[in-house]
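Trainee: Encoded as structure tokens, here's the structure I'll be asking about.
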Amino acid sequence: MGAMLELEGVTAGYGGGDILRGLDLTVEEGAVTCIVGPNGAGKSTILRVISGLLRPRLGSVRLRGASIAGLSPRTILGRGVVQVPQERSLFPTMTVWENVRMGAYTVRDRRLVERRMEAVCQTFPLVAERRHERAASLSGGQQKIIEFARALMLDPALVILDEPSMGLDPKTRATVFDTIRAMNQAGRTVLLVEQNARSGLRLATHGVVLESGRVRLEGTGTAVLNNPEIGRLYLGATA
Amino acid sequence: MNAARRFAPRVALLLVAIVAILLPVLEPNPASINVAVFTMMYVGLASAWNIMGGYTGYISLGHAGFFGLGAYTLGLGVAHLGIGPGYGPFALVPLAGLLTGLFALPIGWIALRTRAATFVIVTIAVMFMLQLAAMNLIGLTGGTGGLSLPVPRWSGDFYNTPFYYAMLILASLTIAVSWWIRRSKFGLGLLAIRDDEDKAMAVGVPTRQFKLAAFVISAALVGMIGGVYAYYVTYVYPEFVIDPLTGISMVLMAFLGGLGTLTGPVLGALLVEPAQLSLAYNFGASRLYLVFYSGVFLVVILLLPRGIVPSVRDLTIGWWTRGGPGRAAGPSPGPSTPAPGNVVAP
């Protein structure tokens with residue numbers, strides 16, 4: 001497996017200040033990469049740079065070797081980078097089925113859309129089970145799963161998840177993480193930013209600890225999770 | 001049971017169609033046909049308004065302006081082309097729709113730069129501007145004196161029947177257009193705009209073009225119905241054909257039945273218009289029906305904020321999901337566990 005996404009020497013920020021300061025990050029194809037770190041470390045800024053919402057001042061961003069730095073969000077979406085935002089993003093009065101269908105709105109081939117709908121229903125049985133129900137009638141966890149399903153409708157190369165467990169109870173959080181694992185097993189490369197560092201690193205094949213806009217430590221998810229210093233500083237005392 | 005659920009709506013639709021087609025035979029009383037003409041008119045108007053207001057969420061209170069434009073188009077067309085009484089004026093109905101649609105294009109292009117309450121106010125302003133224009137362009141419209149149309153020489157018993165069928169055809173056309181839009185990708189985009197326009201744009205919906213298309217389609221259909229109305233009443237006065245109450249009535253009917261649904265506006269019109277006419281016949285020109293309108297609005301807002309059809313549908317879905325025949329009653333299932341390893345194939 002090669003590199004799906006490479007950020008080299010990326011410097012980016014808002015106004016006059018830099019949040020990311022010469023960041024180097026590689027997301028391997030087929031991996032689940034989890035970025036953790038304290039507030040203000042630049043986790044969300046990385047996602048904004050990758051999805052084209054923020055142009056880096058310096059450095060390069062390459063998707064499968066091709067530069068995507070400075071491209072519009074729509075173009076980057078077209079290249080197969082799909083982001084599921086932190087906040088709820090479903091259309092509340094539309095049905096579950098319609099919401100998932102909206103994920104492939106730009107796809108013109110109707111048969112292709114139908115095939116993807118079928119495949120998404122197999123990966124996420126909830127879509128078929130609740131297809132006629134309005135999205136607003138689902139619980140927070142169910143809505144998050146429908147958001148994942150919608151993201152897969154574009155057959156993305158890279159799925160970016162911003163704080164997927166935010167605001168969910170522990171049981172629902174476990175289901176959401178199971179779903180992320182299933183997406184990865186289905187061949188998706190996943191990059192997630194997670195405030196709940198322990199759960200995120202347990203799930204991840206690759207863990208990245210961010211500090212002040214640079215990578216402080218990286219390794220397998222388990223290695224990062226078991227690192228005593230990281231455990232003490234970022235994960236709570238008992239690692 | 002699934003087959004019954006699948007075919008029941010089709011059978012119901014067929015029965016409604018048969019009754020609607022045979023109505024002048026089943027109930028030949030001219031007074032009843034008159035009620036049916038106005039009821040069909042509002043079925044069409046509410047459904048046409050719903051294409052814009054219901055599907056996109058952009059509430060227009062100025063659609064009466066397009067109703068008037070259609071009425072004037074037909075009236076002026078009959079006068080200038082020298083068309084006599086009979087079935088000839090009906091041939092101008094598509095022209096009324098076309099010209100109304102063309103007129104709606106620049107109006108929509110400007111009005112749809114606004115959203116929410118501002119859009120509502122702009123549509124009201126446009127309606128009053130059209131009314132003022134009709135009153136003051138005396139050489140073209142006849143001003144406050146209005147336009148007269150030729151009176152068909154049909155017998156009294158038969159007189160209303162052609163107008164009933166004309167309204168029935170237009171109502172059916174409007175429902176068919178509304179149905180097609182609701183099932184299309186275009187309709188899906190409109191619903192996304194209604195829910196969250198910025199998110200809709202983010203997933204690739206061309207929001208500006210779609211809103212304008214819905215506005216023009218809706219206006220053109222309303223214009224055609226306005227044309228038939230003008231011929232039915234045989235006169236076109238600015239205050240009558242560009243009446244704010246006409247615009248409010250379509251909105252009320254769509255709200256009562258269910259905004260953004262196919263059957264909601266139809267049901268709303270079938271309930272409200274006969275009741276309103278009954279009040280008008282029994283209490284003369286007292287305008288008591290306005291009190292009735294207020295009462296209906298209050299009931300809708302308090303008890304059925306989403307309208308009859310969505311409320312009943314939600315109840316039915318809930319019943320089927322949680323306690324339908326052959327299923328154990330119980331709480332709504334939680335998030336399903338995903339099926340690992342399933343590949344989302346291109």
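Please note that chains go A, B, ... in the order of the structure tokens, that every chain numbers its residues from 1, and that ligands are numbered from 1 in the order shown.
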Kindly assemble as JSON lines a list of the chain A residues that lie within 8 Å of chain B, each paired with its nearest atom pair and their distance in Å to one decimal, using only C-alpha atoms, sorted first by chain and then by ascending residue number.
Mentor:
```
{"residue": "A:Arg74", "atom": "CA", "partner": "B:Ala202", "partner_atom": "CA", "distance": 7.8}
{"residue": "A:Ser89", "atom": "CA", "partner": "B:Lys199", "partner_atom": "CA", "distance": 7.5}
{"residue": "A:Phe91", "atom": "CA", "partner": "B:Asp195", "partner_atom": "CA", "distance": 5.6}
{"residue": "A:Pro92", "atom": "CA", "partner": "B:Asp195", "partner_atom": "CA", "distance": 6.6}
{"residue": "A:Thr93", "atom": "CA", "partner": "B:Asp195", "partner_atom": "CA", "distance": 6.6}
{"residue": "A:Met94", "atom": "CA", "partner": "B:Leu191", "partner_atom": "CA", "distance": 7.2}
{"residue": "A:Glu98", "atom": "CA", "partner": "B:Leu188", "partner_atom": "CA", "distance": 7.3}
{"residue": "A:Met102", "atom": "CA", "partner": "B:Val203", "partner_atom": "CA", "distance": 7.0}
{"residue": "A:Gly103", "atom": "CA", "partner": "B:Val203", "partner_atom": "CA", "distance": 6.7}
{"residue": "A:Tyr105", "atom": "CA", "partner": "B:Gly204", "partner_atom": "CA", "distance": 6.3}
{"residue": "A:Thr106", "atom": "CA", "partner": "B:Gly204", "partner_atom": "CA", "distance": 5.8}
{"residue": "A:Leu112", "atom": "CA", "partner": "B:Pro346", "partner_atom": "CA", "distance": 6.9}
{"residue": "A:Arg115", "atom": "CA", "partner": "B:Pro346", "partner_atom": "CA", "distance": 7.3}
{"residue": "A:Arg116", "atom": "CA", "partner": "B:Pro346", "partner_atom": "CA", "distance": 6.3}
{"residue": "A:Ala119", "atom": "CA", "partner": "B:Val344", "partner_atom": "CA", "distance": 4.8}
{"residue": "A:Val120", "atom": "CA", "partner": "B:Val344", "partner_atom": "CA", "distance": 6.0}
{"residue": "A:Gln122", "atom": "CA", "partner": "B:Asn342", "partner_atom": "CA", "distance": 6.5}
{"residue": "A:Thr123", "atom": "CA", "partner": "B:Ala339", "partner_atom": "CA", "distance": 5.1}
{"residue": "A:Phe124", "atom": "CA", "partner": "B:Pro338", "partner_atom": "CA", "distance": 5.1}
{"residue": "A:Pro125", "atom": "CA", "partner": "B:Ser336", "partner_atom": "CA", "distance": 6.4}
{"residue": "A:Leu126", "atom": "CA", "partner": "B:Ser336", "partner_atom": "CA", "distance": 5.4}
{"residue": "A:His132", "atom": "CA", "partner": "B:Ile317", "partner_atom": "CA", "distance": 7.9}
{"residue": "A:Glu133", "atom": "CA", "partner": "B:Ile317", "partner_atom": "CA", "distance": 7.6}
{"residue": "A:Ser139", "atom": "CA", "partner": "B:Gly334", "partner_atom": "CA", "distance": 8.0}
{"residue": "A:Gly141", "atom": "CA", "partner": "B:Pro335", "partner_atom": "CA", "distance": 6.7}
{"residue": "A:Gln142", "atom": "CA", "partner": "B:Pro335", "partner_atom": "CA", "distance": 5.2}
{"residue": "A:Ile145", "atom": "CA", "partner": "B:Pro335", "partner_atom": "CA", "distance": 7.8}
{"residue": "A:Leu152", "atom": "CA", "partner": "B:Val344", "partner_atom": "CA", "distance": 7.4}
{"residue": "A:Asp155", "atom": "CA", "partner": "B:Pro346", "partner_atom": "CA", "distance": 6.3}
{"residue": "A:Thr172", "atom": "CA", "partner": "B:Pro335", "partner_atom": "CA", "distance": 7.3}
{"residue": "A:Thr175", "atom": "CA", "partner": "B:Thr337", "partner_atom": "CA", "distance": 6.5}
{"residue": "A:Asp178", "atom": "CA", "partner": "B:Pro338", "partner_atom": "CA", "distance": 7.1}
{"residue": "A:Thr179", "atom": "CA", "partner": "B:Pro338", "partner_atom": "CA", "distance": 5.5}
{"residue": "A:Arg181", "atom": "CA", "partner": "B:Pro340", "partner_atom": "CA", "distance": 7.6}
{"residue": "A:Ala182", "atom": "CA", "partner": "B:Pro340", "partner_atom": "CA", "distance": 4.4}
{"residue": "A:Met183", "atom": "CA", "partner": "B:Pro340", "partner_atom": "CA", "distance": 7.3}
{"residue": "A:Gln185", "atom": "CA", "partner": "B:Gly341", "partner_atom": "CA", "distance": 5.0}
{"residue": "A:Ala186", "atom": "CA", "partner": "B:Val343", "partner_atom": "CA", "distance": 4.6}
{"residue": "A:Gly187", "atom": "CA", "partner": "B:Val343", "partner_atom": "CA", "distance": 6.8}
```
Trainee: Identify, on the basis of only C-alpha atoms, every residue whose closest approach to stretch 158-160 of chain A does not exceed 6 Å; exclude the query and any residue fewer than 4 positions from it along the same chain; express the result as a ChimeraX atom specification.
Mentor: /A:81-83,189-192
Trainee: Could you pull out the helix (DSSP H, G or I) residues of stretch 113-290 of chain B from DSSP and send them as a ChimeraX atom specification?
Mentor: /B:116-136,138-141,143-145,160-183,185-195,197-202,207-233,238-241,244-257,263-283,288-290
Trainee: With only C-alpha atoms as the counted atoms, please give the residues lying no more than 9 Å from B:Trp109, apart from itself and same-chain residues fewer than 5 positions off, as a short mmCIF file (atom, residue, chain, number, x, y, z; two decimals) with N, CA and C atoms, in the first residue's frame.
Mentor:
```cif
data_model
loop_
_atom_site.label_atom_id
_atom_site.label_comp_id
_atom_site.auth_asym_id
_atom_site.auth_seq_id
_atom_site.Cartn_x
_atom_site.Cartn_y
_atom_site.Cartn_z
N ALA B 104 -42.62 35.87 -15.41
CA ALA B 104 -42.12 35.46 -14.08
C ALA B 104 -40.59 35.31 -14.06
N ARG B 208 -29.53 28.24 -7.57
CA ARG B 208 -30.11 29.44 -8.20
C ARG B 208 -30.97 29.06 -9.42
N LEU B 212 -35.24 29.23 -9.68
CA LEU B 212 -35.85 30.03 -10.75
C LEU B 212 -36.76 29.15 -11.62
#
```
Trainee: Could you please write out, as a ChimeraX atom specification, every residue of stretch 107-323 of chain B that DSSP assigns to strand (DSSP E)?
Mentor: /B:147-148,235-236
Trainee: Can I get the selected residues back with N, CA and C atoms, as an mmCIF file, in the first residue's frame?
Mentor:
```cif
data_model
loop_
_atom_site.group_PDB
_atom_site.id
_atom_site.type_symbol
_atom_site.label_atom_id
_atom_site.label_comp_id
_atom_site.auth_asym_id
_atom_site.auth_seq_id
_atom_site.Cartn_x
_atom_site.Cartn_y
_atom_site.Cartn_z
ATOM 1 N N LEU B 147 -61.777 44.468 -18.389
ATOM 2 C CA LEU B 147 -62.001 43.930 -19.733
ATOM 3 C C LEU B 147 -63.213 43.017 -19.700
ATOM 4 N N SER B 148 -63.962 43.025 -20.790
ATOM 5 C CA SER B 148 -65.083 42.075 -20.890
ATOM 6 C C SER B 148 -64.730 40.993 -21.893
ATOM 7 N N TYR B 235 -65.212 38.584 -17.226
ATOM 8 C CA TYR B 235 -64.686 39.941 -17.049
ATOM 9 C C TYR B 235 -63.370 39.851 -16.304
ATOM 10 N N VAL B 236 -62.540 40.886 -16.492
ATOM 11 C CA VAL B 236 -61.232 40.926 -15.817
ATOM 12 C C VAL B 236 -61.082 42.292 -15.158
#
```
Trainee: Could you name the residues that touch stretch 198-201 of chain A at 7 Å or less, counting only C-alpha atoms, but leaving out those on the same chain fewer than 5 positions away, as a list in words?
Mentor: Cys34, Gly207, Gly221, Thr222, Leu225 and Leu235 of chain A
Trainee: Could you check the closest approach to B:Gly44 for each of B:Phe67, B:Val309, B:Leu76, B:Ile124 and tell me which residue wins, using only C-alpha atoms?
Mentor: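 When distances to B:Gly44 are compared using only C-alpha atoms, the smallest one comes from B:Phe67.
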Trainee: So, counting only C-alpha atoms, which residue among B:Leu26, B:Leu105, B:Ala230, B:Val16 is closest to B:Val78?
Mentor: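 Using only C-alpha atoms, the shortest distance to B:Val78 belongs to B:Ala230.
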Trainee: Skip B:Ile242 itself and residues of its chain fewer than 5 positions away, then list as number ranges by chain all residues within 8 Å of it, counting only C-alpha atoms.
Mentor: B: 64-68, 127, 130-131
Trainee: For stretch 48-55 of chain B, find every residue with an atom within 8 Å (counting only C-alpha atoms), except residues of its own chain fewer than 2 positions away, and show them as a PDB file with N, CA, C and O atoms, in the first residue's frame.
Mentor:
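So the final result, stored in around.pdb, reads:
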```pdb
ATOM      1  N   GLY B  44     -55.755  23.111  -8.535  1.00  0.00           N
ATOM      2  CA  GLY B  44     -54.652  23.470  -9.435  1.00  0.00           C
ATOM      3  C   GLY B  44     -53.774  24.564  -8.860  1.00  0.00           C
ATOM      4  O   GLY B  44     -52.538  24.461  -8.884  1.00  0.00           O
ATOM      5  N   LEU B  45     -54.411  25.625  -8.323  1.00  0.00           N
ATOM      6  CA  LEU B  45     -53.622  26.753  -7.804  1.00  0.00           C
ATOM      7  C   LEU B  45     -52.748  26.332  -6.622  1.00  0.00           C
ATOM      8  O   LEU B  45     -51.563  26.679  -6.563  1.00  0.00           O
ATOM      9  N   ALA B  46     -53.352  25.590  -5.683  1.00  0.00           N
ATOM     10  CA  ALA B  46     -52.579  25.184  -4.488  1.00  0.00           C
ATOM     11  C   ALA B  46     -51.436  24.245  -4.889  1.00  0.00           C
ATOM     12  O   ALA B  46     -50.316  24.351  -4.366  1.00  0.00           O
ATOM     13  N   GLY B  57     -39.527  25.853  -0.210  1.00  0.00           N
ATOM     14  CA  GLY B  57     -39.624  26.564   1.070  1.00  0.00           C
ATOM     15  C   GLY B  57     -39.646  28.074   0.904  1.00  0.00           C
ATOM     16  O   GLY B  57     -39.680  28.801   1.895  1.00  0.00           O
ATOM     17  N   TYR B  58     -39.626  28.537  -0.319  1.00  0.00           N
ATOM     18  CA  TYR B  58     -39.718  29.987  -0.575  1.00  0.00           C
ATOM     19  C   TYR B  58     -41.195  30.365  -0.652  1.00  0.00           C
ATOM     20  O   TYR B  58     -41.863  30.066  -1.642  1.00  0.00           O
ATOM     21  N   ILE B  59     -41.707  30.999   0.403  1.00  0.00           N
ATOM     22  CA  ILE B  59     -43.137  31.286   0.495  1.00  0.00           C
ATOM     23  C   ILE B  59     -43.464  32.544  -0.305  1.00  0.00           C
ATOM     24  O   ILE B  59     -43.066  33.643   0.070  1.00  0.00           O
ATOM     25  N   SER B  60     -44.196  32.334  -1.397  1.00  0.00           N
ATOM     26  CA  SER B  60     -44.629  33.477  -2.203  1.00  0.00           C
ATOM     27  C   SER B  60     -46.067  33.817  -1.851  1.00  0.00           C
ATOM     28  O   SER B  60     -46.949  32.964  -1.945  1.00  0.00           O
ATOM     29  N   HIS B  63     -48.492  35.126  -5.684  1.00  0.00           N
ATOM     30  CA  HIS B  63     -48.861  34.353  -6.866  1.00  0.00           C
ATOM     31  C   HIS B  63     -50.173  34.839  -7.501  1.00  0.00           C
ATOM     32  O   HIS B  63     -50.455  34.504  -8.658  1.00  0.00           O
ATOM     33  N   THR B 174     -51.320  20.045 -13.492  1.00  0.00           N
ATOM     34  CA  THR B 174     -50.496  20.580 -12.399  1.00  0.00           C
ATOM     35  C   THR B 174     -50.051  19.473 -11.451  1.00  0.00           C
ATOM     36  O   THR B 174     -48.886  19.417 -11.035  1.00  0.00           O
ATOM     37  N   ILE B 175     -50.992  18.576 -11.118  1.00  0.00           N
ATOM     38  CA  ILE B 175     -50.645  17.467 -10.216  1.00  0.00           C
ATOM     39  C   ILE B 175     -49.604  16.559 -10.880  1.00  0.00           C
ATOM     40  O   ILE B 175     -48.660  16.092 -10.233  1.00  0.00           O
ATOM     41  N   SER B 178     -46.314  18.274 -10.766  1.00  0.00           N
ATOM     42  CA  SER B 178     -45.852  18.238  -9.376  1.00  0.00           C
ATOM     43  C   SER B 178     -45.327  16.842  -9.018  1.00  0.00           C
ATOM     44  O   SER B 178     -44.290  16.697  -8.352  1.00  0.00           O
ATOM     45  N   GLY B 187     -36.496  17.599  -8.314  1.00  0.00           N
ATOM     46  CA  GLY B 187     -37.316  17.729  -7.103  1.00  0.00           C
ATOM     47  C   GLY B 187     -36.522  17.470  -5.837  1.00  0.00           C
ATOM     48  O   GLY B 187     -36.718  18.139  -4.811  1.00  0.00           O
ATOM     49  N   LEU B 190     -34.759  20.508  -5.049  1.00  0.00           N
ATOM     50  CA  LEU B 190     -35.634  21.539  -4.474  1.00  0.00           C
ATOM     51  C   LEU B 190     -35.868  21.276  -2.988  1.00  0.00           C
ATOM     52  O   LEU B 190     -35.855  22.195  -2.166  1.00  0.00           O
ATOM     53  N   LEU B 191     -36.093  20.005  -2.642  1.00  0.00           N
ATOM     54  CA  LEU B 191     -36.320  19.669  -1.228  1.00  0.00           C
ATOM     55  C   LEU B 191     -35.069  19.968  -0.390  1.00  0.00           C
ATOM     56  O   LEU B 191     -35.170  20.411   0.756  1.00  0.00           O
ATOM     57  N   ARG B 194     -34.992  23.531   0.339  1.00  0.00           N
ATOM     58  CA  ARG B 194     -35.946  23.851   1.405  1.00  0.00           C
ATOM     59  C   ARG B 194     -35.341  23.578   2.781  1.00  0.00           C
ATOM     60  O   ARG B 194     -35.489  24.369   3.704  1.00  0.00           O
ATOM     61  N   LYS B 211     -34.216  27.090  -8.263  1.00  0.00           N
ATOM     62  CA  LYS B 211     -35.255  27.925  -7.652  1.00  0.00           C
ATOM     63  C   LYS B 211     -36.000  28.707  -8.735  1.00  0.00           C
ATOM     64  O   LYS B 211     -37.225  28.811  -8.714  1.00  0.00           O
ATOM     65  N   ALA B 214     -38.344  26.424 -10.710  1.00  0.00           N
ATOM     66  CA  ALA B 214     -39.560  26.109  -9.938  1.00  0.00           C
ATOM     67  C   ALA B 214     -40.501  27.308  -9.925  1.00  0.00           C
ATOM     68  O   ALA B 214     -41.728  27.156 -10.061  1.00  0.00           O
ATOM     69  N   PHE B 215     -39.948  28.492  -9.781  1.00  0.00           N
ATOM     70  CA  PHE B 215     -40.753  29.717  -9.736  1.00  0.00           C
ATOM     71  C   PHE B 215     -41.502  29.916 -11.051  1.00  0.00           C
ATOM     72  O   PHE B 215     -42.703  30.195 -11.069  1.00  0.00           O
ATOM     73  N   ILE B 217     -42.140  27.633 -13.485  1.00  0.00           N
ATOM     74  CA  ILE B 217     -43.123  26.553 -13.727  1.00  0.00           C
ATOM     75  C   ILE B 217     -44.393  26.821 -12.928  1.00  0.00           C
ATOM     76  O   ILE B 217     -45.517  26.735 -13.434  1.00  0.00           O
ATOM     77  N   SER B 218     -44.203  27.159 -11.643  1.00  0.00           N
ATOM     78  CA  SER B 218     -45.329  27.422 -10.759  1.00  0.00           C
ATOM     79  C   SER B 218     -46.166  28.587 -11.290  1.00  0.00           C
ATOM     80  O   SER B 218     -47.400  28.504 -11.374  1.00  0.00           O
ATOM     81  N   ALA B 219     -45.511  29.668 -11.691  1.00  0.00           N
ATOM     82  CA  ALA B 219     -46.223  30.858 -12.192  1.00  0.00           C
ATOM     83  C   ALA B 219     -46.967  30.542 -13.489  1.00  0.00           C
ATOM     84  O   ALA B 219     -48.110  30.976 -13.679  1.00  0.00           O
ATOM     85  N   LEU B 221     -48.216  27.705 -14.541  1.00  0.00           N
ATOM     86  CA  LEU B 221     -49.413  26.895 -14.276  1.00  0.00           C
ATOM     87  C   LEU B 221     -50.529  27.765 -13.681  1.00  0.00           C
ATOM     88  O   LEU B 221     -51.693  27.657 -14.056  1.00  0.00           O
ATOM     89  N   VAL B 222     -50.145  28.643 -12.755  1.00  0.00           N
ATOM     90  CA  VAL B 222     -51.128  29.553 -12.148  1.00  0.00           C
ATOM     91  C   VAL B 222     -51.708  30.485 -13.222  1.00  0.00           C
ATOM     92  O   VAL B 222     -52.914  30.757 -13.237  1.00  0.00           O
ATOM     93  N   MET B 250     -54.439  29.952  -1.723  1.00  0.00           N
ATOM     94  CA  MET B 250     -53.615  28.819  -2.200  1.00  0.00           C
ATOM     95  C   MET B 250     -52.627  28.393  -1.121  1.00  0.00           C
ATOM     96  O   MET B 250     -52.375  27.205  -0.921  1.00  0.00           O
ATOM     97  N   VAL B 251     -52.076  29.388  -0.431  1.00  0.00           N
ATOM     98  CA  VAL B 251     -51.079  29.071   0.602  1.00  0.00           C
ATOM     99  C   VAL B 251     -51.736  28.310   1.745  1.00  0.00           C
ATOM    100  O   VAL B 251     -51.224  27.293   2.225  1.00  0.00           O
ATOM    101  N   ALA B 254     -52.469  24.697   0.828  1.00  0.00           N
ATOM    102  CA  ALA B 254     -51.249  23.879   0.804  1.00  0.00           C
ATOM    103  C   ALA B 254     -50.764  23.596   2.229  1.00  0.00           C
ATOM    104  O   ALA B 254     -50.360  22.465   2.547  1.00  0.00           O
ATOM    105  N   LEU B 259     -47.559  20.943   3.362  1.00  0.00           N
ATOM    106  CA  LEU B 259     -46.615  21.660   2.510  1.00  0.00           C
ATOM    107  C   LEU B 259     -45.571  20.683   1.938  1.00  0.00           C
ATOM    108  O   LEU B 259     -45.058  19.838   2.661  1.00  0.00           O
ATOM    109  N   GLY B 260     -45.316  20.820   0.657  1.00  0.00           N
ATOM    110  CA  GLY B 260     -44.261  19.998   0.062  1.00  0.00           C
ATOM    111  C   GLY B 260     -44.657  18.575  -0.243  1.00  0.00           C
ATOM    112  O   GLY B 260     -43.824  17.776  -0.640  1.00  0.00           O
ATOM    113  N   THR B 261     -45.947  18.251  -0.068  1.00  0.00           N
ATOM    114  CA  THR B 261     -46.415  16.908  -0.430  1.00  0.00           C
ATOM    115  C   THR B 261     -47.217  17.011  -1.718  1.00  0.00           C
ATOM    116  O   THR B 261     -47.668  18.095  -2.089  1.00  0.00           O
ATOM    117  N   PRO B 265     -51.809  19.701  -0.955  1.00  0.00           N
ATOM    118  CA  PRO B 265     -52.544  20.843  -1.510  1.00  0.00           C
ATOM    119  C   PRO B 265     -53.894  20.437  -2.112  1.00  0.00           C
ATOM    120  O   PRO B 265     -54.861  21.190  -2.034  1.00  0.00           O
TER     121      PRO B 265
END
```
Trainee: Would you pick out the contacts of stretch 16-32 of chain A at 8 Å or less, using only C-alpha atoms, so that residues sharing its chain but fewer than 6 positions from it are not included, and give the list as number ranges by chain?
Mentor: A: 1-10, 40-42, 45-46, 58-59, 184, 187-192, 203-206, 212-215
Trainee: Separation of atom CA of A:Arg150 and atom CA of B:Ala116, in Å?
Mentor: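 Going from atom CA of A:Arg150 over to atom CA of B:Ala116, I get 27.8 Å.
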